[in-house]
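Colleague: So that you have it, the file is upload.txt, and it contains compact mmCIF, C-alpha atoms and all ligand atoms:
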# COMPACT_ATOMS: atom_id res chain seq x y z
CA MET A 4 -63.28 -120.02 1.51
CA ASN A 5 -64.73 -117.99 4.27
CA GLN A 6 -67.26 -115.34 3.47
CA GLN A 7 -65.22 -112.40 4.81
CA ARG A 8 -62.22 -113.28 2.78
CA ARG A 9 -64.37 -113.57 -0.30
CA ASP A 10 -65.87 -110.14 0.43
CA PHE A 11 -62.44 -108.67 0.91
CA LEU A 12 -61.15 -110.05 -2.36
CA ARG A 13 -64.19 -108.83 -4.21
CA LYS A 14 -63.80 -105.31 -2.88
CA ALA A 15 -60.05 -105.20 -3.36
CA GLY A 16 -60.60 -106.33 -6.93
CA LEU A 17 -63.14 -103.57 -7.48
CA GLY A 18 -60.70 -101.05 -6.03
CA ALA A 19 -57.92 -102.23 -8.31
CA LEU A 20 -60.20 -102.06 -11.34
CA ALA A 21 -61.21 -98.53 -10.42
CA GLY A 22 -57.55 -97.61 -10.04
CA ILE A 23 -56.60 -99.03 -13.42
CA GLY A 24 -59.59 -97.40 -15.05
CA ALA A 25 -58.71 -94.01 -13.61
CA ALA A 26 -55.06 -94.37 -14.57
CA ALA A 27 -55.96 -95.37 -18.11
CA GLY A 28 -58.27 -92.40 -18.40
CA MET A 29 -55.67 -89.98 -17.15
CA LEU A 30 -52.53 -91.36 -18.78
CA PRO A 31 -52.98 -89.83 -22.23
CA LEU A 32 -53.53 -86.48 -20.56
CA PHE A 33 -50.40 -86.34 -18.49
CA ALA A 34 -47.98 -89.20 -18.88
CA LEU A 35 -47.37 -89.29 -22.60
CA GLU A 36 -45.85 -86.53 -24.60
CA LYS A 37 -48.55 -84.45 -26.23
CA THR A 38 -48.89 -85.00 -29.94
CA ASP A 39 -49.48 -81.90 -31.95
CA MET A 40 -51.28 -83.20 -35.02
CA THR A 41 -50.49 -80.06 -37.03
CA VAL A 42 -46.93 -81.36 -37.14
CA PHE A 43 -48.04 -84.07 -39.53
CA THR A 44 -49.78 -81.99 -42.15
CA ASP A 45 -46.65 -82.01 -44.30
CA LYS A 46 -46.70 -85.79 -44.36
CA PRO A 47 -47.37 -87.27 -47.80
CA VAL A 48 -50.41 -89.50 -48.20
CA PRO A 49 -49.14 -93.09 -48.21
CA GLY A 50 -49.86 -94.99 -51.40
CA LYS A 51 -50.96 -91.99 -53.44
CA VAL A 52 -47.91 -92.15 -55.67
CA ARG A 53 -46.15 -95.33 -56.76
CA TRP A 54 -42.96 -94.64 -58.65
CA GLY A 55 -42.13 -97.05 -61.43
CA MET A 56 -39.87 -97.48 -64.40
CA LEU A 57 -40.04 -98.95 -67.86
CA VAL A 58 -36.86 -100.25 -69.50
CA ASP A 59 -37.03 -100.53 -73.27
CA THR A 60 -34.38 -103.19 -73.91
CA ARG A 61 -34.63 -102.57 -77.66
CA LYS A 62 -33.33 -99.07 -77.21
CA CYS A 63 -30.69 -99.95 -74.63
CA ARG A 64 -27.48 -99.88 -76.61
CA GLU A 65 -24.98 -102.69 -76.58
CA GLY A 66 -21.77 -101.64 -74.84
CA CYS A 67 -23.24 -98.45 -73.41
CA ASN A 68 -22.79 -98.14 -69.67
CA GLU A 69 -23.69 -94.49 -69.24
CA CYS A 70 -26.50 -94.97 -66.68
CA VAL A 71 -24.45 -97.36 -64.57
CA VAL A 72 -21.49 -95.01 -64.45
CA ARG A 73 -23.66 -92.01 -63.68
CA CYS A 74 -25.65 -93.75 -60.91
CA HIS A 75 -22.60 -95.26 -59.28
CA HIS A 76 -20.81 -91.92 -59.36
CA ASP A 77 -23.73 -89.90 -58.00
CA HIS A 78 -24.35 -92.32 -55.16
CA ASN A 79 -20.74 -92.93 -54.22
CA VAL A 80 -21.05 -96.64 -54.98
CA PRO A 81 -17.67 -98.24 -54.26
CA ASP A 82 -15.90 -100.03 -57.09
CA PHE A 83 -14.54 -103.40 -55.99
CA GLY A 84 -14.58 -104.78 -59.51
CA LYS A 85 -16.26 -108.07 -60.33
CA SER A 86 -15.31 -109.72 -57.06
CA LYS A 87 -17.39 -111.26 -54.29
CA ASN A 88 -17.24 -107.81 -52.69
CA GLU A 89 -18.90 -106.21 -55.70
CA VAL A 90 -21.36 -103.44 -54.82
CA LYS A 91 -23.89 -102.46 -57.47
CA TRP A 92 -27.08 -100.46 -57.72
CA ILE A 93 -27.79 -100.87 -61.43
CA TRP A 94 -26.07 -103.21 -63.83
CA LYS A 95 -26.51 -105.20 -67.02
CA SER A 96 -27.51 -108.84 -66.85
CA ARG A 97 -27.80 -111.41 -69.58
CA TYR A 98 -31.37 -112.08 -70.71
CA GLU A 99 -31.55 -115.51 -69.07
CA GLU A 100 -30.23 -114.09 -65.80
CA ALA A 101 -32.78 -111.30 -65.76
CA PHE A 102 -35.68 -113.55 -66.78
CA PRO A 103 -34.63 -117.03 -65.70
CA THR A 104 -38.17 -118.35 -65.70
CA ALA A 105 -39.21 -116.90 -69.07
CA SER A 106 -39.49 -119.30 -71.95
CA LYS A 107 -36.26 -119.61 -73.87
CA GLN A 108 -37.20 -122.40 -76.26
CA PHE A 109 -36.46 -121.31 -79.82
CA GLN A 110 -35.96 -117.76 -78.56
CA SER A 111 -34.60 -115.33 -81.12
CA PRO A 112 -30.81 -115.11 -80.77
CA ASP A 113 -31.08 -111.32 -80.73
CA VAL A 114 -33.15 -111.44 -77.53
CA GLU A 115 -31.15 -114.27 -75.99
CA ASN A 116 -27.92 -112.33 -76.36
CA ARG A 117 -29.39 -109.07 -75.21
CA ASN A 118 -28.08 -107.43 -72.06
CA VAL A 119 -30.88 -106.30 -69.80
CA LEU A 120 -30.59 -103.42 -67.38
CA THR A 121 -31.36 -104.63 -63.86
CA LEU A 122 -31.86 -102.75 -60.63
CA CYS A 123 -34.02 -102.97 -57.52
CA ASN A 124 -37.62 -103.46 -58.62
CA HIS A 125 -39.09 -101.47 -55.75
CA CYS A 126 -41.59 -104.27 -55.37
CA ALA A 127 -45.09 -103.46 -54.18
CA GLU A 128 -44.88 -106.65 -52.08
CA PRO A 129 -41.19 -106.58 -51.16
CA PRO A 130 -39.93 -109.72 -49.43
CA CYS A 131 -36.77 -107.86 -48.35
CA THR A 132 -38.60 -105.47 -46.03
CA ARG A 133 -40.37 -108.37 -44.36
CA ALA A 134 -37.10 -110.10 -43.66
CA CYS A 135 -35.43 -107.05 -42.14
CA PRO A 136 -35.50 -107.33 -38.33
CA THR A 137 -34.78 -103.64 -37.72
CA GLU A 138 -36.99 -102.03 -40.36
CA ALA A 139 -33.81 -100.59 -41.83
CA THR A 140 -35.32 -101.32 -45.20
CA PHE A 141 -38.93 -100.35 -45.63
CA ARG A 142 -41.49 -99.47 -48.26
CA ARG A 143 -42.00 -95.73 -48.38
CA TRP A 144 -45.20 -93.74 -48.87
CA ASP A 145 -44.36 -93.39 -52.59
CA GLY A 146 -43.64 -97.08 -53.25
CA ILE A 147 -39.86 -96.74 -53.05
CA VAL A 148 -38.21 -99.51 -51.08
CA SER A 149 -35.81 -97.43 -49.07
CA MET A 150 -32.74 -98.13 -46.98
CA ASP A 151 -32.08 -96.39 -43.69
CA TYR A 152 -28.37 -97.13 -43.36
CA HIS A 153 -28.39 -95.81 -39.81
CA ARG A 154 -30.48 -98.76 -38.75
CA CYS A 155 -28.91 -101.53 -40.80
CA ILE A 156 -27.16 -104.09 -38.62
CA GLY A 157 -25.71 -106.01 -41.55
CA CYS A 158 -27.53 -109.28 -40.97
CA ARG A 159 -28.12 -109.63 -44.74
CA PHE A 160 -31.54 -111.24 -44.28
CA CYS A 161 -32.80 -108.84 -46.96
CA MET A 162 -30.20 -110.10 -49.42
CA ALA A 163 -31.37 -113.64 -48.85
CA ALA A 164 -34.99 -112.57 -49.25
CA CYS A 165 -34.59 -110.55 -52.45
CA PRO A 166 -35.22 -112.86 -55.42
CA TYR A 167 -33.46 -110.49 -57.82
CA GLY A 168 -30.01 -110.06 -56.25
CA SER A 169 -30.66 -106.33 -56.05
CA ARG A 170 -28.72 -105.85 -52.83
CA SER A 171 -25.03 -105.65 -52.09
CA PHE A 172 -23.19 -105.90 -48.83
CA ASN A 173 -20.24 -103.75 -47.82
CA TRP A 174 -17.74 -106.39 -46.75
CA GLN A 175 -15.07 -103.75 -46.36
CA ASP A 176 -14.91 -99.99 -45.89
CA PRO A 177 -16.36 -98.59 -49.12
CA ARG A 178 -14.83 -95.11 -48.79
CA PRO A 179 -11.39 -95.91 -50.25
CA ALA A 180 -13.08 -97.66 -53.21
CA VAL A 181 -15.04 -94.55 -54.18
CA LYS A 182 -12.98 -93.04 -56.96
CA GLU A 183 -14.48 -89.59 -57.13
CA LEU A 184 -16.45 -88.50 -54.06
CA SER A 185 -19.80 -86.98 -55.04
CA ALA A 186 -21.18 -84.42 -52.62
CA THR A 187 -24.79 -85.13 -53.58
CA TYR A 188 -25.13 -88.31 -51.52
CA PRO A 189 -23.42 -89.85 -48.48
CA THR A 190 -21.23 -92.92 -48.71
CA ARG A 191 -21.87 -96.06 -46.69
CA GLU A 192 -19.71 -97.74 -44.11
CA ARG A 193 -18.56 -101.29 -43.65
CA GLY A 194 -21.28 -103.71 -42.58
CA VAL A 195 -24.37 -102.23 -44.23
CA VAL A 196 -26.39 -103.35 -47.22
CA GLU A 197 -27.06 -100.97 -50.07
CA LYS A 198 -29.10 -100.87 -53.26
CA CYS A 199 -30.85 -98.57 -55.71
CA ASN A 200 -33.01 -95.92 -54.03
CA PHE A 201 -34.86 -94.80 -57.20
CA CYS A 202 -32.93 -91.53 -56.70
CA SER A 203 -35.21 -90.42 -53.87
CA GLU A 204 -32.70 -87.63 -53.15
CA ARG A 205 -33.30 -86.30 -56.67
CA LEU A 206 -37.07 -86.88 -56.75
CA VAL A 207 -37.46 -84.64 -53.71
CA LYS A 208 -35.85 -81.86 -55.75
CA GLY A 209 -38.19 -82.55 -58.66
CA GLN A 210 -35.50 -84.18 -60.81
CA LEU A 211 -35.67 -87.47 -62.70
CA PRO A 212 -33.50 -90.38 -61.55
CA ALA A 213 -29.87 -90.05 -62.65
CA CYS A 214 -30.00 -93.15 -64.91
CA VAL A 215 -33.10 -91.93 -66.72
CA GLU A 216 -31.53 -88.52 -67.26
CA SER A 217 -28.23 -89.95 -68.46
CA CYS A 218 -29.66 -92.35 -71.04
CA ALA A 219 -28.90 -90.99 -74.50
CA GLY A 220 -31.07 -93.66 -76.16
CA ASN A 221 -34.20 -92.71 -74.20
CA ALA A 222 -34.56 -96.31 -73.10
CA LEU A 223 -35.78 -95.48 -69.60
CA THR A 224 -39.16 -94.02 -68.71
CA PHE A 225 -39.88 -93.03 -65.13
CA GLY A 226 -43.21 -92.05 -63.64
CA ASP A 227 -46.14 -92.60 -61.34
CA LEU A 228 -47.76 -96.01 -61.81
CA ASN A 229 -50.84 -94.80 -59.92
CA ASP A 230 -51.50 -91.96 -62.36
CA PRO A 231 -53.33 -93.28 -65.44
CA GLY A 232 -52.35 -90.11 -67.32
CA SER A 233 -48.62 -90.49 -66.76
CA GLU A 234 -46.25 -91.09 -69.67
CA LEU A 235 -45.24 -94.34 -67.99
CA ARG A 236 -48.79 -95.68 -67.83
CA LYS A 237 -49.41 -94.69 -71.45
CA MET A 238 -46.28 -96.56 -72.50
CA LEU A 239 -47.36 -99.59 -70.44
CA ALA A 240 -50.77 -99.52 -72.07
CA ALA A 241 -49.35 -99.22 -75.56
CA ASN A 242 -46.65 -101.91 -75.34
CA GLU A 243 -46.32 -105.51 -74.34
CA THR A 244 -44.22 -105.51 -71.20
CA MET A 245 -42.70 -107.95 -68.72
CA GLN A 246 -41.77 -107.91 -65.05
CA ARG A 247 -38.99 -110.02 -63.59
CA LYS A 248 -40.17 -113.29 -61.98
CA PRO A 249 -43.83 -112.18 -61.82
CA GLU A 250 -44.80 -115.64 -60.53
CA LEU A 251 -43.30 -114.75 -57.12
CA GLY A 252 -45.99 -112.15 -56.48
CA THR A 253 -43.54 -109.42 -55.51
CA LEU A 254 -45.25 -107.02 -57.96
CA PRO A 255 -42.14 -105.27 -59.30
CA SER A 256 -42.42 -101.59 -60.22
CA VAL A 257 -39.81 -101.97 -62.95
CA PHE A 258 -41.16 -103.12 -66.31
CA TYR A 259 -39.42 -104.27 -69.47
CA ILE A 260 -40.13 -104.11 -73.17
CA ILE A 261 -38.29 -106.98 -74.83
CA MET B 16 -66.48 -105.87 11.96
CA SER B 17 -63.91 -107.61 9.74
CA ASN B 18 -66.18 -106.79 6.82
CA ARG B 19 -65.53 -103.12 7.51
CA ILE B 20 -61.79 -103.68 7.74
CA SER B 21 -61.80 -105.28 4.33
CA THR B 22 -63.72 -102.34 2.85
CA ILE B 23 -61.17 -99.95 4.32
CA LEU B 24 -58.28 -102.05 3.00
CA ALA B 25 -59.75 -102.07 -0.49
CA PHE B 26 -60.10 -98.30 -0.34
CA VAL B 27 -56.50 -97.90 0.83
CA ILE B 28 -55.24 -100.03 -2.07
CA ALA B 29 -57.20 -97.91 -4.55
CA VAL B 30 -55.70 -94.73 -3.08
CA ILE B 31 -52.18 -96.15 -3.31
CA MET B 32 -52.76 -96.95 -6.97
CA PHE B 33 -53.95 -93.41 -7.67
CA VAL B 34 -50.87 -91.94 -6.02
CA ALA B 35 -48.57 -94.31 -7.87
CA ALA B 36 -50.23 -93.47 -11.19
CA TRP B 37 -49.92 -89.75 -10.48
CA PHE B 38 -46.24 -90.11 -9.54
CA PHE B 39 -45.51 -92.06 -12.71
CA MET B 40 -47.23 -89.42 -14.84
CA GLN B 41 -45.27 -86.63 -13.25
CA SER B 42 -41.88 -88.19 -13.94
CA GLY B 43 -42.80 -88.96 -17.57
CA ASP B 44 -43.91 -85.39 -18.08
CA GLY B 45 -40.79 -83.84 -16.62
CA ALA B 46 -38.36 -85.85 -18.70
CA SER B 47 -39.95 -84.95 -22.02
CA ALA B 48 -40.43 -81.26 -21.33
CA PRO B 49 -37.26 -79.75 -22.86
CA ALA B 50 -37.55 -81.62 -26.14
CA ARG B 51 -41.15 -80.56 -26.53
CA ALA B 52 -40.38 -76.88 -26.17
CA GLU B 53 -38.86 -76.90 -29.67
CA ALA B 54 -41.32 -79.29 -31.30
CA PRO B 55 -41.70 -78.52 -34.98
CA VAL B 56 -44.95 -77.09 -36.33
CA ALA B 57 -46.50 -77.49 -39.73
CA ALA B 58 -45.17 -75.47 -42.60
CA PRO B 59 -46.57 -74.87 -46.07
CA LYS B 60 -44.19 -75.98 -48.82
CA GLU B 61 -44.16 -72.71 -50.80
CA VAL B 62 -42.56 -70.62 -48.09
CA PRO B 63 -39.00 -69.71 -49.10
CA ILE B 64 -36.24 -71.01 -46.87
CA ASP B 65 -34.72 -68.39 -44.61
CA SER B 66 -31.25 -69.36 -43.49
CA THR B 67 -29.91 -66.05 -42.25
CA ARG B 68 -30.28 -67.30 -38.70
CA CYS B 69 -29.98 -70.76 -37.15
CA VAL B 70 -33.07 -72.93 -36.64
CA ALA B 71 -32.78 -72.40 -32.88
CA SER B 72 -30.76 -70.43 -30.36
CA THR B 73 -27.05 -71.20 -30.06
CA GLU B 74 -27.52 -72.32 -26.48
CA TRP B 75 -30.27 -74.75 -27.36
CA MET B 76 -28.41 -76.07 -30.39
CA LYS B 77 -25.30 -76.68 -28.32
CA SER B 78 -27.17 -79.02 -26.02
CA HIS B 79 -29.82 -80.40 -28.36
CA HIS B 80 -28.48 -80.55 -31.94
CA MET B 81 -28.22 -84.33 -31.77
CA GLN B 82 -31.85 -84.72 -30.76
CA LEU B 83 -32.90 -82.30 -33.47
CA LEU B 84 -30.89 -84.17 -36.14
CA ASN B 85 -32.31 -87.46 -34.94
CA GLN B 86 -35.84 -86.12 -35.17
CA TRP B 87 -35.19 -84.59 -38.60
CA ARG B 88 -33.79 -87.84 -39.89
CA HIS B 89 -36.82 -89.73 -38.68
CA ASP B 90 -39.28 -87.22 -40.13
CA SER B 91 -37.68 -86.86 -43.54
CA VAL B 92 -36.43 -90.42 -44.13
CA ARG B 93 -39.31 -92.38 -42.68
CA GLU B 94 -42.32 -90.02 -42.80
CA GLY B 95 -41.49 -87.81 -45.77
CA ASN B 96 -42.25 -84.77 -43.65
CA ARG B 97 -39.42 -82.52 -44.70
CA THR B 98 -40.32 -78.99 -43.66
CA TYR B 99 -39.25 -77.68 -40.30
CA ALA B 100 -40.82 -74.46 -39.03
CA THR B 101 -39.24 -72.54 -36.20
CA PRO B 102 -41.52 -71.04 -33.55
CA ASP B 103 -40.95 -67.63 -35.15
CA GLY B 104 -42.22 -68.90 -38.49
CA ARG B 105 -39.08 -69.55 -40.56
CA HIS B 106 -38.88 -72.72 -42.64
CA PHE B 107 -36.11 -75.21 -43.27
CA ASP B 108 -35.55 -78.49 -45.07
CA LYS B 109 -35.07 -81.22 -42.49
CA SER B 110 -31.66 -82.26 -43.73
CA LEU B 111 -28.10 -82.29 -42.49
CA ASN B 112 -27.37 -80.26 -45.61
CA THR B 113 -29.43 -77.42 -44.15
CA CYS B 114 -26.94 -77.21 -41.29
CA LEU B 115 -23.94 -77.59 -43.55
CA GLY B 116 -25.33 -74.88 -45.82
CA CYS B 117 -24.06 -72.37 -43.28
CA HIS B 118 -21.74 -74.22 -40.95
CA ALA B 119 -19.59 -75.78 -43.64
CA SER B 120 -18.10 -72.31 -44.14
CA ASN B 121 -16.00 -73.27 -41.15
CA PRO B 122 -14.70 -76.79 -41.93
CA MET B 123 -13.71 -77.25 -38.28
CA PHE B 124 -17.13 -76.27 -36.92
CA CYS B 125 -18.23 -79.74 -35.81
CA PHE B 126 -14.80 -81.12 -35.09
CA MET B 127 -13.53 -78.46 -32.70
CA CYS B 128 -16.33 -78.94 -30.23
CA HIS B 129 -16.52 -82.73 -30.55
CA GLU B 130 -12.78 -82.87 -29.99
CA TYR B 131 -13.08 -80.67 -26.92
CA ALA B 132 -16.00 -82.69 -25.52
CA ASN B 133 -14.25 -85.94 -26.45
CA VAL B 134 -17.30 -87.31 -28.27
CA LYS B 135 -16.95 -89.39 -31.41
CA PRO B 136 -20.18 -89.27 -33.39
CA THR B 137 -20.25 -91.57 -36.42
CA CYS B 138 -21.90 -89.04 -38.77
CA TRP B 139 -18.84 -88.58 -40.98
CA ASN B 140 -18.33 -92.31 -41.52
CA CYS B 141 -20.87 -91.85 -44.29
CA HIS B 142 -21.89 -88.21 -44.64
CA ILE B 143 -19.38 -86.04 -46.45
CA SER B 144 -17.90 -83.81 -43.76
CA PRO B 145 -17.13 -80.15 -44.41
CA MET B 146 -13.44 -81.02 -44.17
CA GLU B 147 -13.71 -83.44 -47.08
CA ALA B 148 -16.09 -81.27 -49.05
CA THR B 149 -13.67 -78.36 -49.08
CA LYS B 150 -10.68 -80.55 -49.85
S1 LIG A 301 -36.07 -106.04 -55.98
FE1 LIG A 301 -35.29 -107.03 -54.14
S2 LIG A 301 -34.47 -105.35 -52.92
FE2 LIG A 301 -35.80 -104.42 -54.46
S3 LIG A 301 -37.81 -104.25 -53.42
FE3 LIG A 301 -37.82 -106.19 -54.57
S4 LIG A 301 -37.16 -107.70 -53.05
FE4 LIG A 301 -36.58 -105.70 -52.22
S1 LIG A 302 -28.81 -106.31 -43.63
FE1 LIG A 302 -29.66 -104.38 -42.87
S2 LIG A 302 -31.36 -103.89 -44.26
FE2 LIG A 302 -30.83 -106.05 -44.61
S3 LIG A 302 -32.24 -107.20 -43.28
FE3 LIG A 302 -30.35 -106.87 -42.08
S4 LIG A 302 -30.69 -104.95 -40.94
FE4 LIG A 302 -32.26 -105.05 -42.57
Spell out the structure here as structure tokens.

Modeller:
Amino acid sequence: MNQQRRDFLRKAGLGALAGIGAAAGMLPLFALEKTDMTVFTDKPVPGKVRWGMLVDTRKCREGCNECVVRCHHDHNVPDFGKSKNEVKWIWKSRYEEAFPTASKQFQSPDVENRNVLTLCNHCAEPPCTRACPTEATFRRWDGIVSMDYHRCIGCRFCMAACPYGSRSFNWQDPRPAVKELSATYPTRERGVVEKCNFCSERLVKGQLPACVESCAGNALTFGDLNDPGSELRKMLAANETMQRKPELGTLPSVFYII
Amino acid sequence: MSNRISTILAFVIAVIMFVAAWFFMQSGDGASAPARAEAPVAAPKEVPIDSTRCVASTEWMKSHHMQLLNQWRHDSVREGNRTYATPDGRHFDKSLNTCLGCHASNPMFCFMCHEYANVKPTCWNCHISPMEATK
């Protein structure tokens, strides 16, 4: 290569570098929208609170469906019956369905026949949020695994990823299947996935989740898992408890007393 | 001689890049200006909510309510930042229900204008519209 050309390239390169450097220095000043950090002072500290629940299956009465009815009413969950279209946020499962990997050899018939309340576990390591390509489902600052229905494209990756079957898909327009429209929460539309939201719309008003409030047998305890002084943590410390499929490492926030 | 030409050329290229960068900054700035004028500011939680007047002027709301709702949704659903403060210091919950708190008194409020403008927002596919709420 001839010397002049080499010189030219060297200088042009220097010029370009200077240009990029100057642009990079000036861009945050002019090109991007200014961020006013005071806007964010209302933002909760992520990870400070982790909501959790303890289900005492001994107190959960056989045949009682109060919490399910109340939750499904409050959240406008459509009723498609026990079909493949079924949509559910909270429901009762048989013991071996809730804890398929727990030992059942010589299990007491009382426990084996028990119906266990199941809902989204609001896992600390949720596989569903990792599968979601649009971040429509995400883990919130308070540990709740939330759904942003506006973003859901209905790919159902999250349903495949959830090891607990906590999610339901709206195969058809859910509106006509909502018996009594509740004004406290929106409905969904066809083509989105839905599941329990730990009553985040009630928590923000300082109320307990609807299921916890509706349980006459006091079988449900709700609280902050990160607060060692909370009622929930005291109950967890005082009782032997189980999580569903703990071997998967999803770290469920819903615990069970058998 | 040609050494000098190359120096000049390098300088010219650098100048062109400066101008281009400046131009690019200008256009970015201009486009975002109107939205920024109403950017929310921090609000302490305790302040009581004042809903005797709208969160912004009628004119601004007519042209920007969709951007505002979009921003509110993002802030409250994804960030947990729920308090909106107007530039004159009034505070509101960032929720569609804040709007409906007043505007639902006229069940046709949203529909009349959307009908006229021939826009079909999908809000009421899920959210309970004032028409249904008063039914
Ligand atoms: S239970 Fe399923 S839906 Fe709920 S957070 Fe865990 S993986 Fe996600
Ligand atoms: S169905 Fe919706 S929430 Fe589930 S993974 Fe797809 S986009 Fe995400």

Colleague: What gap, in Å, lies between atom CA of A:Arg159 and atom CA of A:Gly252?

Modeller: 21.5 Å

Colleague: Residues within 9 Å of stretch 188-200 of chain A, please, as a VMD selection string. Count only C-alpha atoms; anything in the same chain fewer than 5 positions from it doesn't count.

Modeller: (chain A and resid 74 77 to 81 90 to 93 122 to 125 147 to 150 152 to 159 161 to 162 169 to 178 181) or (chain B and resid 139 to 143)

Colleague: Take atom CA of B:Thr73 and atom CA of B:Met127 and report the distance between them in Å, one decimal.

Modeller: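 Atom-to-atom, atom CA of B:Thr73 and atom CA of B:Met127 are spaced 15.6 Å apart.
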
Colleague: For A:Asp230, please output as a PyMOL selection string all residues within 10 Å (counting all atoms listed in the file; exclusion window: fewer than 4 positions along the same chain).

Modeller: chain A and resi 51-54+226+234-237

Colleague: Ranking A:Pro103, A:Gly66, A:Pro179, A:Gly55 by minimum distance to ligand LIG 301 (chain A) and counting only C-alpha atoms and all ligand atoms, which one comes first?

Modeller: A:Gly55

Colleague: Kindly indicate which residue among A:Pro249, A:Pro112, A:Gly16, A:Pro130 lies nearest to chain B, using all atoms listed in the file for the distances.

Modeller: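 Nearest candidate to chain B out of A:Pro249, A:Pro112, A:Gly16, A:Pro130: A:Gly16.
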
Colleague: At what distance in Å, to one decimal, does atom FE3 of ligand LIG 301 (chain A) lie from atom CA of A:Arg73?

Modeller: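 Atom FE3 of ligand LIG 301 (chain A) lies at a distance of 22.0 Å from atom CA of A:Arg73.
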
Colleague: Got a moment to write stretch 156-168 of chain A out with N, CA, C and O atoms, as a compact mmCIF listing (two decimals), in the first residue's frame?

Modeller:
# COMPACT_ATOMS: atom_id res chain seq x y z
N ILE A 156 -49.91 -12.46 23.41
CA ILE A 156 -50.21 -12.77 22.01
C ILE A 156 -50.82 -14.15 21.88
O ILE A 156 -51.07 -14.62 20.77
N GLY A 157 -51.02 -14.82 23.00
CA GLY A 157 -51.71 -16.11 22.97
C GLY A 157 -50.90 -17.28 22.45
O GLY A 157 -51.45 -18.25 21.95
N CYS A 158 -49.58 -17.20 22.59
CA CYS A 158 -48.75 -18.29 22.06
C CYS A 158 -48.78 -19.51 22.97
O CYS A 158 -48.43 -20.60 22.56
N ARG A 159 -49.16 -19.32 24.22
CA ARG A 159 -49.31 -20.39 25.22
C ARG A 159 -47.99 -21.06 25.58
O ARG A 159 -47.99 -22.18 26.09
N PHE A 160 -46.87 -20.40 25.32
CA PHE A 160 -45.58 -20.94 25.78
C PHE A 160 -45.59 -21.06 27.31
O PHE A 160 -45.06 -22.01 27.87
N CYS A 161 -46.19 -20.06 27.96
CA CYS A 161 -46.21 -20.05 29.42
C CYS A 161 -46.96 -21.24 29.98
O CYS A 161 -46.59 -21.79 31.01
N MET A 162 -48.03 -21.64 29.27
CA MET A 162 -48.81 -22.79 29.74
C MET A 162 -47.99 -24.05 29.65
O MET A 162 -48.06 -24.93 30.52
N ALA A 163 -47.19 -24.14 28.59
CA ALA A 163 -46.32 -25.31 28.43
C ALA A 163 -45.23 -25.29 29.49
O ALA A 163 -44.80 -26.34 29.96
N ALA A 164 -44.79 -24.09 29.88
CA ALA A 164 -43.67 -23.99 30.81
C ALA A 164 -44.10 -24.21 32.25
O ALA A 164 -43.32 -24.70 33.07
N CYS A 165 -45.33 -23.84 32.59
CA CYS A 165 -45.77 -23.96 33.99
C CYS A 165 -45.94 -25.42 34.36
O CYS A 165 -46.72 -26.14 33.74
N PRO A 166 -45.22 -25.90 35.39
CA PRO A 166 -45.33 -27.31 35.76
C PRO A 166 -46.55 -27.61 36.61
O PRO A 166 -46.72 -28.74 37.05
N TYR A 167 -47.38 -26.62 36.88
CA TYR A 167 -48.50 -26.81 37.80
C TYR A 167 -49.86 -26.66 37.13
O TYR A 167 -50.88 -26.72 37.80
N GLY A 168 -49.88 -26.40 35.84
CA GLY A 168 -51.16 -26.23 35.15
C GLY A 168 -51.95 -25.05 35.67
O GLY A 168 -53.18 -25.07 35.71
